[in-house]
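Next comes run-v3.txt, a file with compact mmCIF, C-alpha atoms.
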```
# COMPACT_ATOMS: atom_id res chain seq x y z
CA MET E 1 -47.06 10.22 9.86
CA VAL E 2 -47.73 12.53 6.95
CA GLU E 3 -51.36 12.89 6.09
CA SER E 4 -51.79 11.96 2.46
CA LEU E 5 -53.00 14.59 0.05
CA MET E 6 -54.72 11.96 -2.03
CA THR E 7 -58.32 12.03 -1.03
CA VAL E 8 -61.39 11.61 -3.11
CA HIS E 9 -62.02 15.32 -2.71
CA THR E 10 -58.85 16.54 -4.31
CA ILE E 11 -58.61 14.27 -7.29
CA ASP E 12 -60.51 13.77 -10.52
CA LYS E 13 -61.58 10.65 -12.32
CA GLU E 14 -59.09 11.07 -15.12
CA THR E 15 -56.17 10.98 -12.69
CA ILE E 16 -57.52 7.81 -11.09
CA TYR E 17 -57.81 6.24 -14.53
CA SER E 18 -54.21 7.17 -15.25
CA TYR E 19 -53.13 5.43 -12.03
CA LEU E 20 -55.15 2.34 -12.96
CA GLY E 21 -53.56 2.50 -16.41
CA GLU E 22 -50.25 1.64 -14.77
CA ILE E 23 -51.57 -1.79 -13.78
CA ASN E 24 -51.01 -4.50 -16.36
CA ASP E 25 -53.02 -7.62 -16.96
CA PRO E 26 -51.08 -10.50 -15.40
CA GLU E 27 -51.71 -12.85 -18.33
CA VAL E 28 -51.16 -10.35 -21.14
CA PRO E 29 -48.56 -8.15 -19.49
CA VAL E 30 -48.26 -5.62 -22.33
CA LEU E 31 -51.83 -4.45 -21.79
CA SER E 32 -53.04 -2.32 -18.94
CA ILE E 33 -56.39 -3.07 -17.37
CA THR E 34 -57.78 0.17 -18.79
CA GLU E 35 -56.64 -0.64 -22.34
CA LEU E 36 -58.23 -4.05 -21.98
CA GLY E 37 -61.53 -2.49 -20.94
CA ILE E 38 -61.69 -4.25 -17.59
CA VAL E 39 -62.15 -1.00 -15.64
CA ARG E 40 -65.76 0.04 -16.20
CA ASP E 41 -66.08 2.99 -13.87
CA VAL E 42 -64.62 4.85 -10.96
CA LYS E 43 -66.85 6.40 -8.34
CA MET E 44 -65.98 8.73 -5.56
CA ASN E 45 -68.44 8.42 -2.72
CA ASP E 46 -67.75 10.49 0.39
CA GLU E 47 -64.43 9.20 1.63
CA GLU E 48 -64.52 6.03 -0.40
CA LEU E 49 -63.08 5.30 -3.81
CA GLU E 50 -64.93 2.62 -5.72
CA VAL E 51 -63.47 0.91 -8.77
CA ILE E 52 -65.85 -1.14 -10.89
CA ILE E 53 -64.31 -3.96 -12.89
CA THR E 54 -65.62 -6.72 -15.12
CA PRO E 55 -63.99 -10.03 -16.08
CA THR E 56 -63.06 -10.78 -19.68
CA TYR E 57 -64.10 -14.40 -19.34
CA THR E 58 -66.24 -15.99 -16.63
CA GLY E 59 -63.49 -18.22 -15.35
CA CYS E 60 -60.67 -15.71 -15.77
CA PRO E 61 -58.26 -16.63 -12.98
CA ALA E 62 -56.59 -13.22 -13.19
CA MET E 63 -59.52 -11.30 -11.70
CA ASP E 64 -58.62 -11.86 -8.04
CA MET E 65 -55.07 -10.78 -8.71
CA ILE E 66 -56.20 -7.71 -10.65
CA ALA E 67 -58.49 -6.68 -7.81
CA ALA E 68 -55.67 -7.14 -5.29
CA THR E 69 -53.25 -5.14 -7.45
CA ILE E 70 -55.72 -2.26 -7.78
CA ARG E 71 -56.11 -2.20 -4.03
CA ILE E 72 -52.36 -2.11 -3.47
CA GLN E 73 -51.80 0.56 -6.14
CA LEU E 74 -54.43 2.87 -4.73
CA ALA E 75 -53.40 2.25 -1.13
CA THR E 76 -49.81 3.09 -2.02
CA LEU E 77 -51.06 6.39 -3.45
CA GLY E 78 -52.66 7.13 -0.12
CA PHE E 79 -56.28 6.20 -0.58
CA LYS E 80 -57.66 4.78 2.62
CA LYS E 81 -61.09 3.48 1.78
CA ILE E 82 -61.09 1.46 -1.40
CA LYS E 83 -63.91 -0.66 -2.66
CA ILE E 84 -63.67 -2.98 -5.65
CA THR E 85 -66.90 -4.06 -7.21
CA GLN E 86 -67.11 -6.75 -9.82
CA VAL E 87 -69.98 -6.50 -12.31
CA LEU E 88 -70.98 -8.97 -15.02
CA SER E 89 -73.42 -6.90 -17.00
CA PRO E 90 -73.01 -5.48 -19.58
CA ALA E 91 -70.78 -8.42 -20.46
CA TRP E 92 -67.22 -7.58 -21.48
CA THR E 93 -66.58 -7.44 -25.20
CA THR E 94 -63.42 -7.09 -27.26
CA GLU E 95 -65.01 -3.91 -28.67
CA TRP E 96 -63.91 -2.23 -25.44
CA MET E 97 -60.25 -2.81 -26.14
CA SER E 98 -58.57 0.46 -27.10
CA GLU E 99 -56.78 0.94 -30.43
CA GLU E 100 -53.60 1.58 -28.49
CA GLY E 101 -54.16 -1.74 -26.75
CA LYS E 102 -54.59 -3.53 -30.07
CA ARG E 103 -51.38 -2.01 -31.39
CA LYS E 104 -49.46 -3.15 -28.30
CA LEU E 105 -50.87 -6.66 -28.59
CA ARG E 106 -49.72 -6.94 -32.19
CA GLU E 107 -46.23 -5.76 -31.26
CA TYR E 108 -46.15 -8.34 -28.48
CA GLY E 109 -46.90 -11.11 -31.00
CA ILE E 110 -50.59 -11.64 -30.27
CA ALA E 111 -53.05 -10.93 -33.08
CA PRO E 112 -55.61 -8.41 -31.76
CA PRO E 113 -59.34 -9.17 -31.98
CA ASN E 114 -61.10 -8.46 -35.25
CA PRO E 115 -63.96 -5.97 -35.21
CA LYS E 116 -67.09 -7.60 -33.92
CA GLN E 117 -69.07 -7.64 -37.13
CA GLN E 118 -66.82 -10.49 -38.19
CA PHE E 119 -67.48 -12.30 -34.93
CA CYS E 120 -67.73 -16.01 -35.30
CA ASP E 121 -69.98 -17.25 -37.94
CA GLN E 122 -71.99 -19.67 -35.86
CA LYS E 123 -72.47 -22.12 -38.69
CA LEU E 124 -70.78 -25.41 -37.97
CA PHE E 125 -67.44 -25.92 -39.66
CA ALA E 126 -67.62 -22.33 -40.88
CA ALA E 127 -64.33 -21.01 -42.22
CA ALA E 128 -62.24 -19.42 -39.50
CA GLU E 129 -62.01 -15.64 -39.36
CA ALA E 130 -59.24 -14.15 -41.48
CA VAL E 131 -56.64 -13.15 -38.93
CA GLN E 132 -53.53 -11.20 -39.75
CA CYS E 133 -50.21 -12.71 -38.68
CA PRO E 134 -48.65 -10.38 -36.05
CA HIS E 135 -45.16 -11.34 -37.25
CA CYS E 136 -45.20 -10.93 -41.04
CA ASN E 137 -48.64 -9.27 -41.51
CA SER E 138 -49.84 -11.95 -43.92
CA TYR E 139 -53.53 -12.79 -43.97
CA HIS E 140 -52.60 -16.21 -45.21
CA THR E 141 -53.16 -17.93 -41.86
CA HIS E 142 -55.25 -20.76 -40.49
CA ARG E 143 -56.78 -21.66 -37.17
CA ILE E 144 -55.27 -24.60 -35.32
CA SER E 145 -57.65 -24.51 -32.39
CA GLU E 146 -60.50 -22.33 -31.26
CA PHE E 147 -59.25 -22.67 -27.68
CA GLY E 148 -55.77 -21.47 -26.80
CA SER E 149 -53.34 -20.89 -23.97
CA THR E 150 -55.82 -18.76 -22.05
CA ALA E 151 -59.62 -18.51 -22.18
CA CYS E 152 -59.45 -15.34 -24.27
CA LYS E 153 -57.26 -16.69 -27.07
CA ALA E 154 -57.36 -19.04 -30.05
CA LEU E 155 -54.35 -20.67 -31.67
CA TYR E 156 -53.41 -19.81 -35.25
CA GLN E 157 -50.53 -20.49 -37.60
CA CYS E 158 -49.21 -18.35 -40.43
CA ASP E 159 -48.99 -20.16 -43.79
CA ASP E 160 -46.35 -17.74 -45.07
CA CYS E 161 -43.83 -17.33 -42.25
CA LYS E 162 -45.01 -20.61 -40.62
CA GLU E 163 -44.99 -19.09 -37.13
CA PRO E 164 -47.75 -20.19 -34.78
CA PHE E 165 -49.37 -17.31 -32.89
CA ASP E 166 -52.11 -16.50 -30.40
CA TYR E 167 -55.21 -14.66 -31.54
CA PHE E 168 -57.18 -12.65 -28.99
CA LYS E 169 -60.56 -13.92 -30.11
CA CYS E 170 -63.63 -11.80 -30.65
CA HIS E 171 -66.02 -11.88 -27.81
CA MET R 1 -89.39 -17.46 -1.66
CA LYS R 2 -85.79 -16.82 -0.72
CA GLN R 3 -85.14 -20.51 -0.07
CA VAL R 4 -86.46 -21.34 -3.54
CA LEU R 5 -84.09 -18.84 -5.13
CA ILE R 6 -81.20 -20.29 -3.12
CA ASP R 7 -82.08 -23.85 -4.17
CA TYR R 8 -82.38 -22.83 -7.79
CA THR R 9 -79.10 -20.92 -7.81
CA LEU R 10 -77.35 -23.88 -6.18
CA HIS R 11 -78.83 -26.21 -8.77
CA LEU R 12 -77.34 -24.08 -11.56
CA ALA R 13 -74.03 -23.82 -9.73
CA ASP R 14 -73.80 -27.55 -9.03
CA ASN R 15 -74.48 -28.43 -12.68
CA SER R 16 -71.61 -26.22 -13.83
CA LEU R 17 -69.18 -27.24 -11.09
CA ILE R 18 -69.64 -30.99 -11.49
CA LEU R 19 -69.35 -30.93 -15.26
CA GLY R 20 -66.35 -28.62 -15.00
CA GLN R 21 -64.72 -31.10 -12.61
CA ARG R 22 -65.52 -34.05 -14.88
CA ASN R 23 -64.09 -32.36 -17.97
CA ALA R 24 -60.99 -31.38 -16.03
CA GLU R 25 -60.19 -35.10 -15.72
CA TRP R 26 -59.02 -34.82 -19.33
CA CYS R 27 -56.28 -32.38 -18.36
CA GLY R 28 -53.09 -33.89 -19.76
CA HIS R 29 -55.02 -36.85 -21.22
CA GLY R 30 -56.81 -35.36 -24.24
CA PRO R 31 -56.56 -37.21 -27.55
CA VAL R 32 -54.43 -34.42 -29.03
CA LEU R 33 -52.97 -31.33 -27.39
CA GLU R 34 -55.36 -28.83 -29.00
CA GLN R 35 -58.44 -30.75 -27.89
CA ASP R 36 -57.00 -31.29 -24.44
CA ILE R 37 -56.74 -27.51 -24.22
CA ALA R 38 -60.24 -27.08 -25.62
CA ILE R 39 -61.96 -29.35 -23.11
CA THR R 40 -60.07 -27.84 -20.19
CA ASN R 41 -60.90 -24.31 -21.42
CA ILE R 42 -64.54 -25.38 -21.33
CA SER R 43 -63.93 -26.67 -17.81
CA LEU R 44 -62.59 -23.29 -16.80
CA ASP R 45 -65.65 -21.53 -18.20
CA LEU R 46 -67.92 -23.93 -16.31
CA VAL R 47 -66.07 -23.48 -13.03
CA GLY R 48 -66.28 -19.73 -13.62
CA GLN R 49 -70.04 -19.98 -14.03
CA ALA R 50 -70.23 -22.08 -10.88
CA ARG R 51 -68.27 -19.46 -8.93
CA ASN R 52 -70.64 -16.71 -10.02
CA PHE R 53 -73.67 -18.74 -8.99
CA TYR R 54 -72.12 -19.85 -5.67
CA GLN R 55 -71.05 -16.31 -4.82
CA TYR R 56 -74.59 -15.15 -5.42
CA ALA R 57 -76.06 -18.04 -3.41
CA ALA R 58 -73.66 -17.23 -0.57
CA THR R 59 -74.92 -13.62 -0.40
CA LEU R 60 -78.50 -14.91 -0.31
CA ILE R 61 -77.73 -17.43 2.43
CA GLY R 62 -75.68 -14.99 4.49
CA ASN R 63 -74.07 -16.08 7.76
CA ASP R 64 -70.73 -17.68 7.04
CA ALA R 65 -71.57 -19.13 3.64
CA THR R 66 -68.95 -18.57 0.94
CA GLU R 67 -68.47 -19.89 -2.56
CA ASP R 68 -65.93 -22.31 -1.09
CA SER R 69 -68.13 -23.63 1.68
CA LEU R 70 -70.90 -24.26 -0.83
CA ALA R 71 -68.65 -26.11 -3.25
CA TYR R 72 -66.48 -28.02 -0.80
CA LEU R 73 -68.49 -28.67 2.32
CA ARG R 74 -71.93 -29.74 1.19
CA ASN R 75 -72.67 -33.45 0.95
CA GLU R 76 -74.08 -35.56 -1.85
CA GLY R 77 -77.68 -35.28 -0.67
CA GLU R 78 -77.40 -31.50 -0.78
CA PHE R 79 -76.09 -31.30 -4.35
CA LYS R 80 -78.78 -30.53 -6.90
CA ASN R 81 -76.99 -31.21 -10.17
CA CYS R 82 -78.55 -33.34 -12.90
CA LEU R 83 -77.38 -36.94 -13.14
CA LEU R 84 -76.03 -36.31 -16.64
CA VAL R 85 -73.14 -34.13 -15.49
CA GLU R 86 -71.88 -36.52 -12.82
CA GLN R 87 -71.53 -39.55 -15.09
CA PRO R 88 -67.94 -40.71 -15.68
CA LYS R 89 -66.10 -39.05 -18.52
CA GLY R 90 -65.91 -42.35 -20.42
CA ASP R 91 -64.09 -42.18 -23.74
CA TRP R 92 -63.80 -39.07 -25.89
CA ALA R 93 -67.12 -39.84 -27.59
CA GLN R 94 -68.95 -39.97 -24.28
CA THR R 95 -67.40 -36.73 -23.06
CA ILE R 96 -68.24 -35.01 -26.35
CA LEU R 97 -71.81 -36.24 -26.41
CA ARG R 98 -72.45 -35.21 -22.82
CA GLN R 99 -70.99 -31.75 -23.51
CA PHE R 100 -73.17 -31.47 -26.60
CA PHE R 101 -76.36 -32.40 -24.73
CA PHE R 102 -75.51 -30.06 -21.89
CA SER R 103 -74.33 -27.08 -23.95
CA GLN R 104 -77.48 -27.15 -26.07
CA TYR R 105 -79.47 -27.19 -22.83
CA GLN R 106 -77.49 -24.42 -21.17
CA TYR R 107 -77.68 -22.29 -24.27
CA LEU R 108 -81.48 -22.37 -24.15
CA ILE R 109 -81.55 -21.67 -20.42
CA PHE R 110 -79.14 -18.73 -20.49
CA GLN R 111 -80.76 -17.24 -23.55
CA GLN R 112 -84.00 -16.89 -21.60
CA MET R 113 -82.42 -16.16 -18.27
CA GLN R 114 -80.94 -12.93 -19.63
CA ASN R 115 -84.45 -11.57 -19.18
CA SER R 116 -84.90 -12.89 -15.65
CA LYS R 117 -86.49 -10.57 -13.12
CA ASP R 118 -83.52 -11.39 -10.91
CA LYS R 119 -80.82 -8.98 -12.05
CA GLN R 120 -77.86 -11.04 -10.87
CA LEU R 121 -79.05 -14.26 -12.53
CA ALA R 122 -79.69 -12.25 -15.69
CA ALA R 123 -76.15 -10.84 -15.58
CA ILE R 124 -74.56 -14.26 -15.06
CA ALA R 125 -76.62 -15.63 -17.95
CA GLU R 126 -75.66 -12.77 -20.27
CA LYS R 127 -71.99 -13.27 -19.48
CA SER R 128 -72.03 -17.07 -19.71
CA LEU R 129 -74.03 -17.22 -22.93
CA LYS R 130 -71.09 -15.90 -24.95
CA GLU R 131 -68.93 -18.77 -23.79
CA VAL R 132 -71.61 -21.43 -24.05
CA THR R 133 -72.02 -20.36 -27.69
CA TYR R 134 -68.45 -21.55 -28.28
CA HIS R 135 -69.03 -24.79 -26.33
CA ARG R 136 -72.15 -25.51 -28.32
CA ARG R 137 -70.49 -25.10 -31.66
CA TRP R 138 -67.38 -27.01 -30.70
CA SER R 139 -69.30 -29.99 -29.31
CA SER R 140 -71.76 -30.02 -32.24
CA GLU R 141 -68.89 -30.20 -34.71
CA TRP R 142 -67.35 -33.05 -32.76
CA VAL R 143 -70.60 -35.03 -32.68
CA ILE R 144 -70.75 -34.75 -36.47
CA ARG R 145 -67.08 -35.60 -36.85
CA LEU R 146 -67.46 -38.77 -34.76
CA GLY R 147 -70.89 -39.86 -36.03
CA ASP R 148 -69.94 -39.35 -39.65
CA GLY R 149 -66.35 -40.51 -39.13
CA THR R 150 -64.69 -43.91 -39.22
CA ASP R 151 -66.48 -47.10 -38.21
CA GLU R 152 -64.86 -46.99 -34.84
CA ASN R 153 -65.86 -43.32 -34.30
CA HIS R 154 -69.40 -44.21 -35.23
CA GLN R 155 -69.59 -47.25 -32.95
CA ARG R 156 -68.18 -45.33 -30.04
CA ILE R 157 -70.63 -42.47 -30.26
CA ILE R 158 -73.52 -44.90 -30.60
CA LYS R 159 -72.33 -46.57 -27.42
CA ALA R 160 -72.21 -43.12 -25.79
CA ILE R 161 -75.80 -42.43 -26.86
CA ASP R 162 -76.86 -45.77 -25.33
CA GLU R 163 -75.10 -44.83 -22.13
CA LEU R 164 -76.23 -41.21 -21.76
CA TRP R 165 -79.65 -40.83 -23.38
CA ARG R 166 -81.44 -42.05 -20.26
CA PHE R 167 -80.09 -39.06 -18.33
CA THR R 168 -81.48 -36.45 -20.73
CA GLY R 169 -85.10 -36.70 -19.56
CA GLU R 170 -84.24 -35.21 -16.19
CA LEU R 171 -83.05 -31.97 -17.78
CA PHE R 172 -86.62 -31.11 -18.75
CA GLU R 173 -88.43 -32.46 -15.71
CA PRO R 174 -88.64 -29.52 -13.30
CA ALA R 175 -87.92 -29.98 -9.60
CA SER R 176 -90.36 -28.23 -7.26
CA TYR R 177 -88.04 -25.24 -6.83
CA GLU R 178 -87.70 -24.89 -10.60
CA LEU R 179 -91.47 -24.82 -11.00
CA GLN R 180 -91.89 -22.15 -8.36
CA ILE R 181 -89.05 -19.98 -9.58
CA ALA R 182 -90.33 -20.18 -13.16
CA ASN R 183 -93.74 -19.00 -12.00
CA ASP R 184 -92.08 -16.02 -10.38
CA GLY R 185 -90.46 -14.99 -13.66
CA ILE R 186 -86.99 -15.58 -12.27
CA GLY R 187 -86.12 -19.07 -13.46
CA ILE R 188 -86.78 -20.96 -16.63
CA ASP R 189 -89.59 -23.44 -17.27
CA VAL R 190 -87.38 -26.28 -18.44
CA SER R 191 -90.30 -28.40 -19.63
CA LYS R 192 -90.74 -25.87 -22.46
CA LEU R 193 -87.14 -26.31 -23.55
CA LYS R 194 -87.53 -29.95 -24.42
CA GLU R 195 -88.86 -29.39 -27.91
CA PRO R 196 -86.28 -26.83 -29.12
CA TRP R 197 -83.55 -28.97 -27.55
CA LEU R 198 -84.75 -32.14 -29.23
CA ASN R 199 -85.04 -30.38 -32.58
CA LYS R 200 -81.46 -29.19 -32.35
CA VAL R 201 -80.24 -32.64 -31.32
CA LYS R 202 -82.10 -34.24 -34.23
CA GLU R 203 -80.66 -31.70 -36.65
CA ILE R 204 -77.08 -32.40 -35.57
CA PHE R 205 -77.67 -36.15 -35.29
CA SER R 206 -79.03 -36.32 -38.81
CA GLU R 207 -75.90 -34.62 -40.11
CA ALA R 208 -73.86 -37.05 -38.03
CA THR R 209 -75.80 -40.03 -39.45
CA LEU R 210 -77.07 -40.85 -35.97
CA THR R 211 -80.59 -41.43 -34.73
CA VAL R 212 -82.32 -40.33 -31.57
CA PRO R 213 -83.29 -43.38 -29.47
CA GLU R 214 -86.89 -44.53 -29.20
CA LYS R 215 -88.67 -44.34 -25.91
CA THR R 216 -86.21 -44.86 -23.08
CA LEU R 217 -86.86 -45.15 -19.38
CA MET R 218 -85.39 -41.96 -17.97
CA GLN R 219 -83.32 -41.78 -14.77
CA THR R 220 -84.08 -38.82 -12.52
CA GLY R 221 -83.46 -37.63 -8.98
CA GLY R 222 -80.26 -35.59 -9.12
CA LYS R 223 -82.04 -32.25 -8.89
CA ASP R 224 -83.47 -33.39 -5.56
CA GLY R 225 -80.23 -34.76 -4.22
CA LYS R 226 -80.70 -38.42 -5.20
CA HIS R 227 -77.54 -39.21 -7.08
CA THR R 228 -75.76 -42.08 -8.77
CA GLU R 229 -72.71 -43.45 -6.98
CA HIS R 230 -70.49 -41.43 -9.32
CA LEU R 231 -71.03 -38.15 -7.48
CA GLY R 232 -69.43 -39.56 -4.35
CA ASN R 233 -66.41 -40.54 -6.40
CA ILE R 234 -66.06 -36.98 -7.67
CA PHE R 235 -66.12 -35.67 -4.10
CA THR R 236 -63.23 -37.87 -3.05
CA GLU R 237 -61.10 -35.61 -5.25
CA LEU R 238 -63.03 -32.35 -5.35
CA GLN R 239 -63.65 -32.04 -1.61
CA TYR R 240 -60.75 -34.03 -0.20
CA MET R 241 -58.54 -31.13 0.85
CA GLN R 242 -61.21 -29.06 2.58
CA LYS R 243 -62.64 -32.04 4.40
CA THR R 244 -59.28 -33.35 5.52
CA TYR R 245 -57.78 -29.97 6.43
CA PRO R 246 -60.77 -27.73 7.15
CA GLY R 247 -60.21 -24.12 6.17
CA CYS R 248 -56.84 -24.74 4.55
CA GLU R 249 -55.67 -22.08 2.13
CA TRP R 250 -53.03 -21.87 -0.57
```
Please rewrite the model in this file as structure tokens.
Amino acid sequence: MVESLMTVHTIDKETIYSYLGEINDPEVPVLSITELGIVRDVKMNDEELEVIITPTYTGCPAMDMIAATIRIQLATLGFKKIKITQVLSPAWTTEWMSEEGKRKLREYGIAPPNPKQQFCDQKLFAAAEAVQCPHCNSYHTHRISEFGSTACKALYQCDDCKEPFDYFKCH
Amino acid sequence: MKQVLIDYTLHLADNSLILGQRNAEWCGHGPVLEQDIAITNISLDLVGQARNFYQYAATLIGNDATEDSLAYLRNEGEFKNCLLVEQPKGDWAQTILRQFFFSQYQYLIFQQMQNSKDKQLAAIAEKSLKEVTYHRRWSSEWVIRLGDGTDENHQRIIKAIDELWRFTGELFEPASYELQIANDGIGIDVSKLKEPWLNKVKEIFSEATLTVPEKTLMQTGGKDGKHTEHLGNIFTELQYMQKTYPGCEW
């Protein structure tokens, strides 16, 4: 058996992040877990590699699968002791999504989250946020439902091209 | 001390799990597709909260306790949820009203719990508050829509108020573990939440052309494990698999 060269002593954080960047979110498969902001930190303690992740939404069913995939990815690269820690605080926010991630979302047909300052006017029956249609780029859209196909999305429809689309809602 | 924290954490977990399970009964039966998805999204958030609380309770209990054993293997007398959350889903008006009462309550609890001396409870509260903010707005809008809607909408939500109001007193009547944990700066003194909660309910009710009932005899006991018969009915579904095939996995 060939002893792996991948140990926590011979590798830097950036490289680990690039490996983790190859893992995609199972529910939004165009985004990697680093672009989504799920990976919060990587620590190298003695022989152990610790990856700290946070869920997007409390009930996100993808978290167990993401943790398992990280474990497999790192084990395949030769890491022996891997620890995955899930933290809740600070709570995940769409502000952590990278610009590259937002661009990929739009190309995939999901409207990316608006900047947080626009985040949900909490007044009842407040007008929905202006969301740009990912298909024809029109801002002439309306919200069909605040809750969509997954916990992180709302359902919109474009009034110009008439296409319905998912909006990754601000959080 | 530790037992009190365990009891309190289980109380929070049980509230979220049982309401999540109740709301999930709408899956595939919602009045329209978008609202079916909304109520089941709320279910998912609640079950997510419950998991976080159960996982924490399991680490406090130690031994072989897991989030699954706490959710699936405890009996009615051990569940500490409020009576409100275990009531049948009823019609859409009843489900909406219950969600409204509970989301307003949870919002106040989590808002304060973010500053708990217990770091894990504070983290769960901080995370959950974002989602409860959505639940609170959604259910408030629906209460107004029904109360200020057609005659039938209005009659149905009045019937829901008659049915559910008597379970709201328990929310603000602390169990012994709640009192102790509040004194320790970890939990919330729920008796102090009654006024802000009632003010919010009155505000929404007035917009919905509804009135808050006069003095009502309140039903209590759930927090101490004394439940209505409805909790047992929930368990026949929720716990069936684990009790029939212990330890079974997907």
Just need the box for range 26-40 of chain R, edges along x, y and z, holding every atom the file lists for it with 4 Å tacked onto each side, so centre and edge lengths in Å to one decimal, as JSON.
```
{"center_x": -57.5, "center_y": -32.1, "center_z": -23.7, "size_x": 17.0, "size_y": 18.1, "size_z": 18.7}
```
Item to check | Nearest-residue call for Ser116 in chain R, choices R:Leu231, R:Asp189, R:Gly77, R:Ile42, using only C-alpha atoms | outcome: R:Asp189
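CA of Gln87 in chain R is found 17.5 Å from CA of Thr216 in chain R.
All residues of protein, DNA or RNA that reach within 8 Å of range 132-139 of chain E, judged by all atoms listed in the file and not counting those fewer than 2 positions away in the chain, are Arg106, Glu107, Gly109, Ile110, Ala111, Ala130, Thr141, Gln157, Cys158, Asp160, Cys161, Glu163 and Phe165 of chain E.
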Next on the checklist: Quick check: residues of chain E within 12 Å of chain R, only C-alpha atoms, returned as a ChimeraX atom specification.
Outcome noted: /E:54-63,86-94,119-126,143-156,169-171
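Surrounding range 171-175 of chain R within 6 Å are Val190, Ser191 and Lys194 of chain R, with only C-alpha atoms counted and residues fewer than 5 positions along the same chain left out.
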Checklist outcome for this item: As a check of understanding: the span from CA of Pro113 in chain E to CA of Leu31 in chain E is 13.5 Å
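Proximity to Met1 in chain R was assessed for R:Leu217, R:Ala182, R:Ala208, R:Leu198 counting all atoms listed in the file; the smallest distance is recorded for R:Ala182.
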Checklist entry - Using only C-alpha atoms, which residues sit within 9 Å of Thr168 in chain R once same-chain residues fewer than 2 positions away are excluded, as a ChimeraX atom specification? => result /R:82-84,101-102,164-166,170-172,218-220
Applying 10 Å and all atoms listed in the file, which residues near Pro246 in chain R remain after dropping the ones on its own chain fewer than 6 positions away? List them as an mmCIF file with C-alpha atoms, in the frame of the given file.
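Writing done, so here's result_13.cif:
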```
data_model
loop_
_atom_site.group_PDB
_atom_site.id
_atom_site.type_symbol
_atom_site.label_atom_id
_atom_site.label_comp_id
_atom_site.auth_asym_id
_atom_site.auth_seq_id
_atom_site.Cartn_x
_atom_site.Cartn_y
_atom_site.Cartn_z
ATOM 1 C CA TYR R 72 -66.480 -28.020 -0.800
ATOM 2 C CA LEU R 73 -68.490 -28.670 2.320
ATOM 3 C CA TYR R 240 -60.750 -34.030 -0.200
#
```
Item to check | Separation of CA of Thr95 in chain R from CA of Glu163 in chain R in Å | outcome: 11.2 Å
Item to check | For Arg145 in chain R, the nearest of the candidates R:Ala160, R:Ile18, R:Tyr245, R:Leu210, counting only C-alpha atoms | outcome: R:Leu210
Next on the checklist: Just want the 12 Å neighbourhood of Ile23 in chain E, counted on only C-alpha atoms, with same-chain residues fewer than 5 positions away dropped. Output as a PyMOL selection string.
Outcome noted: chain E and resi 16-18+28-36+38-39+65-74
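Using all atoms listed in the file, the nearest neighbour of Ile11 in chain E within the list E:Val42, E:Glu100, E:Asp25, E:Ile84 is E:Val42.
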